[in-house]
Amino acid sequence: MHIAILTFEGYNELDSLIALGVLNRIKTDDWRVTIATPGPKVTSRNGVVIEQMSTLEEACAADAVIVGSGIATREVVEDPAIMNILRGLDPSRQLIAAQCSGALVLARLGLLDDIPACTDLTTKPWVVAAGVEVLNQPFYAETNIATAGGCLASHYLATWIIARLAGNDAAESALHYVAPVGEKEEYIERAWRNITPYLPAPAPVLV
């Protein structure tokens, strides 16, 4: 499994790197998580430079994709070179998630047509202007598309992806590892409360 986190110039560290950390709690040989960037390096809004681990083209072929957030998302959606590549994203064969302003990217790609979304309060007017209903909640998913609003909701996207690709037990184990000591059960319960309504129903047991 390849999970790519799209990370652009001016990215938000909490959005990309928390998801990276949670997703990498899965320790199997076929599980790979990468930071996908338009070029060799990107610099965060706070000056943190990270190197490319995969290309945008490789991300379009990944099993799951998180579109990260940042201060330059409006410039990203106006960049034909980037957006032409991202038109290769396909929820019929991939899990596609967006964190905060990443929802604007999905909206401009037409992936949120008739699907409400979560985003941060700063980005909300731009997503609404793109014709998407914005929900007042941290997480929402429909079929293979999920969105989260607020930097600290990024672990919801990671948990949803792990649950979808590796099962609920693996997702809960990853959450348990990163949750604060003394509050682990509370964090896990809150996460499942937000995510479970949007997970596929379990297959019936045939007797």
# chains A, B, ... in the order shown; residues from 1 in each chain; ligands from 1
>>> closest_atom_pairs(of="region 4-60 of chain A", to="region 97-112 of chain A", cutoff="12 Å", atoms="only C-alpha atoms", output="tab-separated table")
residue	atom	partner	partner_atom	distance
A:Ala4	CA	A:Ala97	CA	10.3
A:Ile5	CA	A:Ala97	CA	9.2
A:Leu6	CA	A:Gly102	CA	8.9
A:Thr7	CA	A:Gly102	CA	9.6
A:Phe8	CA	A:Gly102	CA	10.2
A:Gly10	CA	A:Ser101	CA	11.8
A:Tyr11	CA	A:Ser101	CA	10.1
A:Asn12	CA	A:Cys100	CA	9.7
A:Glu13	CA	A:Gln99	CA	11.6
A:Leu14	CA	A:Gln99	CA	10.1
A:Asp15	CA	A:Gln99	CA	6.5
A:Ser16	CA	A:Gln99	CA	8.5
A:Leu17	CA	A:Gln99	CA	11.6
A:Ile18	CA	A:Gln99	CA	11.2
A:Ala19	CA	A:Gln99	CA	9.6
>>> write_last_selection(atoms="N, CA, C and O atoms", output="JSON list (two decimals), in the first residue's frame")
[["chain", "number", "residue", "atom", "x", "y", "z"],
["A", 4, "ALA", "N", 0.17, 8.63, -0.10],
["A", 4, "ALA", "CA", 0.93, 9.85, -0.42],
["A", 4, "ALA", "C", 0.25, 11.06, 0.23],
["A", 4, "ALA", "O", -0.98, 11.20, 0.17],
["A", 5, "ILE", "N", 1.06, 11.91, 0.84],
["A", 5, "ILE", "CA", 0.56, 13.13, 1.44],
["A", 5, "ILE", "C", 1.03, 14.30, 0.57],
["A", 5, "ILE", "O", 2.23, 14.63, 0.56],
["A", 6, "LEU", "N", 0.13, 14.91, -0.17],
["A", 6, "LEU", "CA", 0.49, 16.02, -1.05],
["A", 6, "LEU", "C", 0.86, 17.22, -0.19],
["A", 6, "LEU", "O", 0.07, 17.67, 0.65],
["A", 7, "THR", "N", 2.05, 17.74, -0.41],
["A", 7, "THR", "CA", 2.60, 18.79, 0.44],
["A", 7, "THR", "C", 3.22, 19.86, -0.45],
["A", 7, "THR", "O", 4.14, 19.58, -1.22],
["A", 8, "PHE", "N", 2.70, 21.06, -0.33],
["A", 8, "PHE", "CA", 3.09, 22.14, -1.24],
["A", 8, "PHE", "C", 3.89, 23.22, -0.49],
["A", 8, "PHE", "O", 3.99, 23.21, 0.73],
["A", 10, "GLY", "N", 4.80, 26.37, 1.47],
["A", 10, "GLY", "CA", 4.00, 27.03, 2.49],
["A", 10, "GLY", "C", 3.12, 26.08, 3.28],
["A", 10, "GLY", "O", 2.17, 26.50, 3.95],
["A", 11, "TYR", "N", 3.46, 24.78, 3.26],
["A", 11, "TYR", "CA", 2.62, 23.78, 3.90],
["A", 11, "TYR", "C", 2.54, 23.98, 5.41],
["A", 11, "TYR", "O", 3.39, 24.59, 6.05],
["A", 12, "ASN", "N", 1.47, 23.43, 5.99],
["A", 12, "ASN", "CA", 1.27, 23.44, 7.43],
["A", 12, "ASN", "C", 1.86, 22.15, 8.01],
["A", 12, "ASN", "O", 1.43, 21.06, 7.66],
["A", 13, "GLU", "N", 2.84, 22.29, 8.89],
["A", 13, "GLU", "CA", 3.53, 21.11, 9.44],
["A", 13, "GLU", "C", 2.57, 20.18, 10.15],
["A", 13, "GLU", "O", 2.69, 18.95, 10.04],
["A", 14, "LEU", "N", 1.63, 20.73, 10.91],
["A", 14, "LEU", "CA", 0.70, 19.89, 11.66],
["A", 14, "LEU", "C", -0.14, 19.02, 10.73],
["A", 14, "LEU", "O", -0.44, 17.87, 11.04],
["A", 15, "ASP", "N", -0.51, 19.57, 9.61],
["A", 15, "ASP", "CA", -1.38, 18.83, 8.69],
["A", 15, "ASP", "C", -0.65, 17.67, 8.02],
["A", 15, "ASP", "O", -1.14, 16.54, 7.99],
["A", 16, "SER", "N", 0.51, 17.93, 7.48],
["A", 16, "SER", "CA", 1.24, 16.88, 6.76],
["A", 16, "SER", "C", 1.95, 15.92, 7.69],
["A", 16, "SER", "O", 1.92, 14.70, 7.49],
["A", 17, "LEU", "N", 2.60, 16.44, 8.73],
["A", 17, "LEU", "CA", 3.52, 15.61, 9.50],
["A", 17, "LEU", "C", 2.84, 14.80, 10.60],
["A", 17, "LEU", "O", 3.30, 13.71, 10.95],
["A", 18, "ILE", "N", 1.72, 15.31, 11.16],
["A", 18, "ILE", "CA", 0.97, 14.47, 12.10],
["A", 18, "ILE", "C", 0.41, 13.26, 11.37],
["A", 18, "ILE", "O", 0.51, 12.12, 11.83],
["A", 19, "ALA", "N", -0.18, 13.50, 10.19],
["A", 19, "ALA", "CA", -0.70, 12.37, 9.41],
["A", 19, "ALA", "C", 0.41, 11.40, 9.06],
["A", 19, "ALA", "O", 0.24, 10.17, 9.16]]
>>> select_by_dssp(residues="region 89-191 of chain A", states="alpha helix (DSSP H)", output="NGL selection string")
:A and (102-108 or 124-129 or 154-166 or 168-178 or 184-191)
>>> residues_around(residues="Arg93 (chain A)", least_positions_apart="3", cutoff="10 Å", atoms="only C-alpha atoms", output="ChimeraX atom specification")
/A:61-64,89-90,96,144
>>> write_last_selection(atoms="C-alpha atoms", output="PDB file, in the first residue's frame")
ATOM      1  CA  ALA A  61      -1.209   6.167  -8.672  1.00  0.00           C
ATOM      2  CA  ALA A  62      -1.171   5.644  -4.878  1.00  0.00           C
ATOM      3  CA  ASP A  63      -3.729   3.614  -2.960  1.00  0.00           C
ATOM      4  CA  ALA A  64      -4.596   6.621  -0.799  1.00  0.00           C
ATOM      5  CA  LEU A  89      -6.708  11.534  -8.809  1.00  0.00           C
ATOM      6  CA  ASP A  90      -9.587   9.063  -9.017  1.00  0.00           C
ATOM      7  CA  ILE A  96      -8.755  10.603  -1.350  1.00  0.00           C
ATOM      8  CA  ASN A 144     -13.814   7.098  -0.900  1.00  0.00           C
TER       9      ASN A 144
END
>>> closest_residue(among="A:Asp120, A:Met53, A:His2, A:Asp114", to="Trp31 (chain A)", atoms="only C-alpha atoms")
A:His2
>>> residues_around(residues="Asp79 (chain A)", least_positions_apart="4", cutoff="12 Å", atoms="only C-alpha atoms", output="compact mmCIF listing (two decimals) with N, CA, C and O atoms, in the first residue's frame")
# COMPACT_ATOMS: atom_id res chain seq x y z
N PHE A 8 2.70 21.06 -0.33
CA PHE A 8 3.09 22.14 -1.24
C PHE A 8 3.89 23.22 -0.49
O PHE A 8 3.99 23.21 0.73
N PRO A 38 5.63 18.96 -5.48
CA PRO A 38 5.79 19.33 -6.90
C PRO A 38 7.25 19.38 -7.35
O PRO A 38 7.54 19.22 -8.53
N ALA A 72 -0.45 28.68 0.84
CA ALA A 72 -0.42 29.00 -0.59
C ALA A 72 -1.39 28.13 -1.40
O ALA A 72 -1.23 28.01 -2.61
N THR A 73 -2.43 27.59 -0.76
CA THR A 73 -3.33 26.69 -1.48
C THR A 73 -4.05 27.41 -2.62
O THR A 73 -4.27 26.83 -3.68
N ARG A 74 -4.39 28.67 -2.42
CA ARG A 74 -5.07 29.39 -3.51
C ARG A 74 -4.15 29.56 -4.71
O ARG A 74 -4.62 29.57 -5.85
N GLU A 75 -2.84 29.66 -4.47
CA GLU A 75 -1.90 29.69 -5.58
C GLU A 75 -1.79 28.32 -6.24
O GLU A 75 -1.68 28.21 -7.46
N MET A 83 -2.35 21.38 -11.22
CA MET A 83 -3.74 20.90 -11.29
C MET A 83 -3.94 19.91 -12.42
O MET A 83 -4.74 18.96 -12.30
N ASN A 84 -3.22 20.07 -13.53
CA ASN A 84 -3.34 19.09 -14.61
C ASN A 84 -2.87 17.71 -14.17
O ASN A 84 -3.46 16.69 -14.56
N ILE A 85 -1.82 17.67 -13.36
CA ILE A 85 -1.37 16.38 -12.83
C ILE A 85 -2.41 15.82 -11.87
O ILE A 85 -2.77 14.62 -11.94
N LEU A 86 -2.94 16.66 -10.98
CA LEU A 86 -3.86 16.18 -9.95
C LEU A 86 -5.20 15.74 -10.51
O LEU A 86 -5.97 15.07 -9.81
N VAL A 105 -8.62 22.30 -3.04
CA VAL A 105 -8.06 21.57 -4.18
C VAL A 105 -9.07 20.56 -4.71
O VAL A 105 -9.32 20.48 -5.92
N ARG A 108 -11.90 22.35 -6.55
CA ARG A 108 -11.54 22.85 -7.87
C ARG A 108 -11.31 21.72 -8.87
O ARG A 108 -11.39 21.94 -10.08
>>> residues_around(residues="region 165-170 of chain A", least_positions_apart="6", cutoff="10 Å", atoms="only C-alpha atoms", output="short mmCIF file (atom, residue, chain, number, x, y, z; two decimals) with C-alpha atoms, in the first residue's frame")
data_model
loop_
_atom_site.label_atom_id
_atom_site.label_comp_id
_atom_site.auth_asym_id
_atom_site.auth_seq_id
_atom_site.Cartn_x
_atom_site.Cartn_y
_atom_site.Cartn_z
CA MET A 1 0.00 0.00 0.00
CA ILE A 3 -0.22 6.47 0.92
CA ARG A 25 2.62 3.37 12.94
CA ILE A 26 1.73 0.56 10.52
CA LYS A 27 4.87 -1.54 10.31
CA TRP A 31 2.99 -0.23 3.74
CA ASP A 63 -3.73 3.61 -2.96
CA ALA A 64 -4.60 6.62 -0.80
CA LEU A 95 -9.01 6.83 -1.07
CA THR A 159 -7.19 6.86 11.22
CA HIS A 176 -3.31 4.44 21.02
CA TRP A 192 -14.22 6.58 16.62
CA THR A 196 -17.29 5.34 12.55
CA LEU A 199 -16.85 3.73 7.56
#
>>> residues_around(residues="Val132 (chain A)", least_positions_apart="3", cutoff="8 Å", atoms="only C-alpha atoms", output="list in words")
Ala107, Leu112, Asp113, Asp114, Ile115, Pro116, Ala117, Val127, Val128 and Ala129 of chain A
>>> closest_residue(among="A:Ala163, A:His155, A:Ile50, A:Pro80", to="Tyr177 (chain A)", atoms="only C-alpha atoms")
A:His155
>>> decode(residues="region 7-27 of chain A", atoms="N, CA and C atoms", output="PDB file, in the first residue's frame")
ATOM      1  N   THR A   7       2.053  17.737  -0.406  1.00  0.00           N
ATOM      2  CA  THR A   7       2.599  18.785   0.443  1.00  0.00           C
ATOM      3  C   THR A   7       3.224  19.856  -0.448  1.00  0.00           C
ATOM      4  N   PHE A   8       2.702  21.063  -0.329  1.00  0.00           N
ATOM      5  CA  PHE A   8       3.094  22.140  -1.236  1.00  0.00           C
ATOM      6  C   PHE A   8       3.895  23.216  -0.488  1.00  0.00           C
ATOM      7  N   GLU A   9       4.456  24.139  -1.249  1.00  0.00           N
ATOM      8  CA  GLU A   9       5.178  25.267  -0.668  1.00  0.00           C
ATOM      9  C   GLU A   9       4.250  26.003   0.307  1.00  0.00           C
ATOM     10  N   GLY A  10       4.802  26.369   1.471  1.00  0.00           N
ATOM     11  CA  GLY A  10       3.999  27.026   2.490  1.00  0.00           C
ATOM     12  C   GLY A  10       3.124  26.076   3.282  1.00  0.00           C
ATOM     13  N   TYR A  11       3.458  24.783   3.256  1.00  0.00           N
ATOM     14  CA  TYR A  11       2.620  23.778   3.902  1.00  0.00           C
ATOM     15  C   TYR A  11       2.537  23.981   5.413  1.00  0.00           C
ATOM     16  N   ASN A  12       1.474  23.428   5.991  1.00  0.00           N
ATOM     17  CA  ASN A  12       1.273  23.437   7.434  1.00  0.00           C
ATOM     18  C   ASN A  12       1.857  22.152   8.011  1.00  0.00           C
ATOM     19  N   GLU A  13       2.844  22.293   8.891  1.00  0.00           N
ATOM     20  CA  GLU A  13       3.528  21.113   9.438  1.00  0.00           C
ATOM     21  C   GLU A  13       2.568  20.176  10.153  1.00  0.00           C
ATOM     22  N   LEU A  14       1.626  20.730  10.909  1.00  0.00           N
ATOM     23  CA  LEU A  14       0.701  19.886  11.659  1.00  0.00           C
ATOM     24  C   LEU A  14      -0.139  19.019  10.730  1.00  0.00           C
ATOM     25  N   ASP A  15      -0.514  19.570   9.606  1.00  0.00           N
ATOM     26  CA  ASP A  15      -1.381  18.831   8.686  1.00  0.00           C
ATOM     27  C   ASP A  15      -0.648  17.672   8.022  1.00  0.00           C
ATOM     28  N   SER A  16       0.514  17.933   7.484  1.00  0.00           N
ATOM     29  CA  SER A  16       1.236  16.882   6.759  1.00  0.00           C
ATOM     30  C   SER A  16       1.951  15.917   7.692  1.00  0.00           C
ATOM     31  N   LEU A  17       2.599  16.440   8.733  1.00  0.00           N
ATOM     32  CA  LEU A  17       3.518  15.608   9.501  1.00  0.00           C
ATOM     33  C   LEU A  17       2.838  14.801  10.597  1.00  0.00           C
ATOM     34  N   ILE A  18       1.724  15.309  11.162  1.00  0.00           N
ATOM     35  CA  ILE A  18       0.973  14.465  12.098  1.00  0.00           C
ATOM     36  C   ILE A  18       0.409  13.264  11.365  1.00  0.00           C
ATOM     37  N   ALA A  19      -0.179  13.500  10.194  1.00  0.00           N
ATOM     38  CA  ALA A  19      -0.701  12.375   9.411  1.00  0.00           C
ATOM     39  C   ALA A  19       0.414  11.398   9.063  1.00  0.00           C
ATOM     40  N   LEU A  20       1.567  11.920   8.683  1.00  0.00           N
ATOM     41  CA  LEU A  20       2.716  11.064   8.365  1.00  0.00           C
ATOM     42  C   LEU A  20       3.089  10.188   9.556  1.00  0.00           C
ATOM     43  N   GLY A  21       3.137  10.789  10.748  1.00  0.00           N
ATOM     44  CA  GLY A  21       3.518  10.043  11.935  1.00  0.00           C
ATOM     45  C   GLY A  21       2.524   8.969  12.305  1.00  0.00           C
ATOM     46  N   VAL A  22       1.228   9.294  12.249  1.00  0.00           N
ATOM     47  CA  VAL A  22       0.210   8.300  12.593  1.00  0.00           C
ATOM     48  C   VAL A  22       0.188   7.169  11.573  1.00  0.00           C
ATOM     49  N   LEU A  23       0.225   7.508  10.299  1.00  0.00           N
ATOM     50  CA  LEU A  23       0.184   6.484   9.254  1.00  0.00           C
ATOM     51  C   LEU A  23       1.385   5.546   9.333  1.00  0.00           C
ATOM     52  N   ASN A  24       2.513   6.069   9.749  1.00  0.00           N
ATOM     53  CA  ASN A  24       3.713   5.239   9.827  1.00  0.00           C
ATOM     54  C   ASN A  24       3.760   4.346  11.057  1.00  0.00           C
ATOM     55  N   ARG A  25       2.703   4.344  11.865  1.00  0.00           N
ATOM     56  CA  ARG A  25       2.617   3.366  12.938  1.00  0.00           C
ATOM     57  C   ARG A  25       2.328   1.970  12.401  1.00  0.00           C
ATOM     58  N   ILE A  26       1.920   1.870  11.148  1.00  0.00           N
ATOM     59  CA  ILE A  26       1.728   0.564  10.523  1.00  0.00           C
ATOM     60  C   ILE A  26       3.091   0.078  10.060  1.00  0.00           C
ATOM     61  N   LYS A  27       3.520  -1.045  10.594  1.00  0.00           N
ATOM     62  CA  LYS A  27       4.868  -1.544  10.313  1.00  0.00           C
ATOM     63  C   LYS A  27       4.787  -2.869   9.558  1.00  0.00           C
TER      64      LYS A  27
END
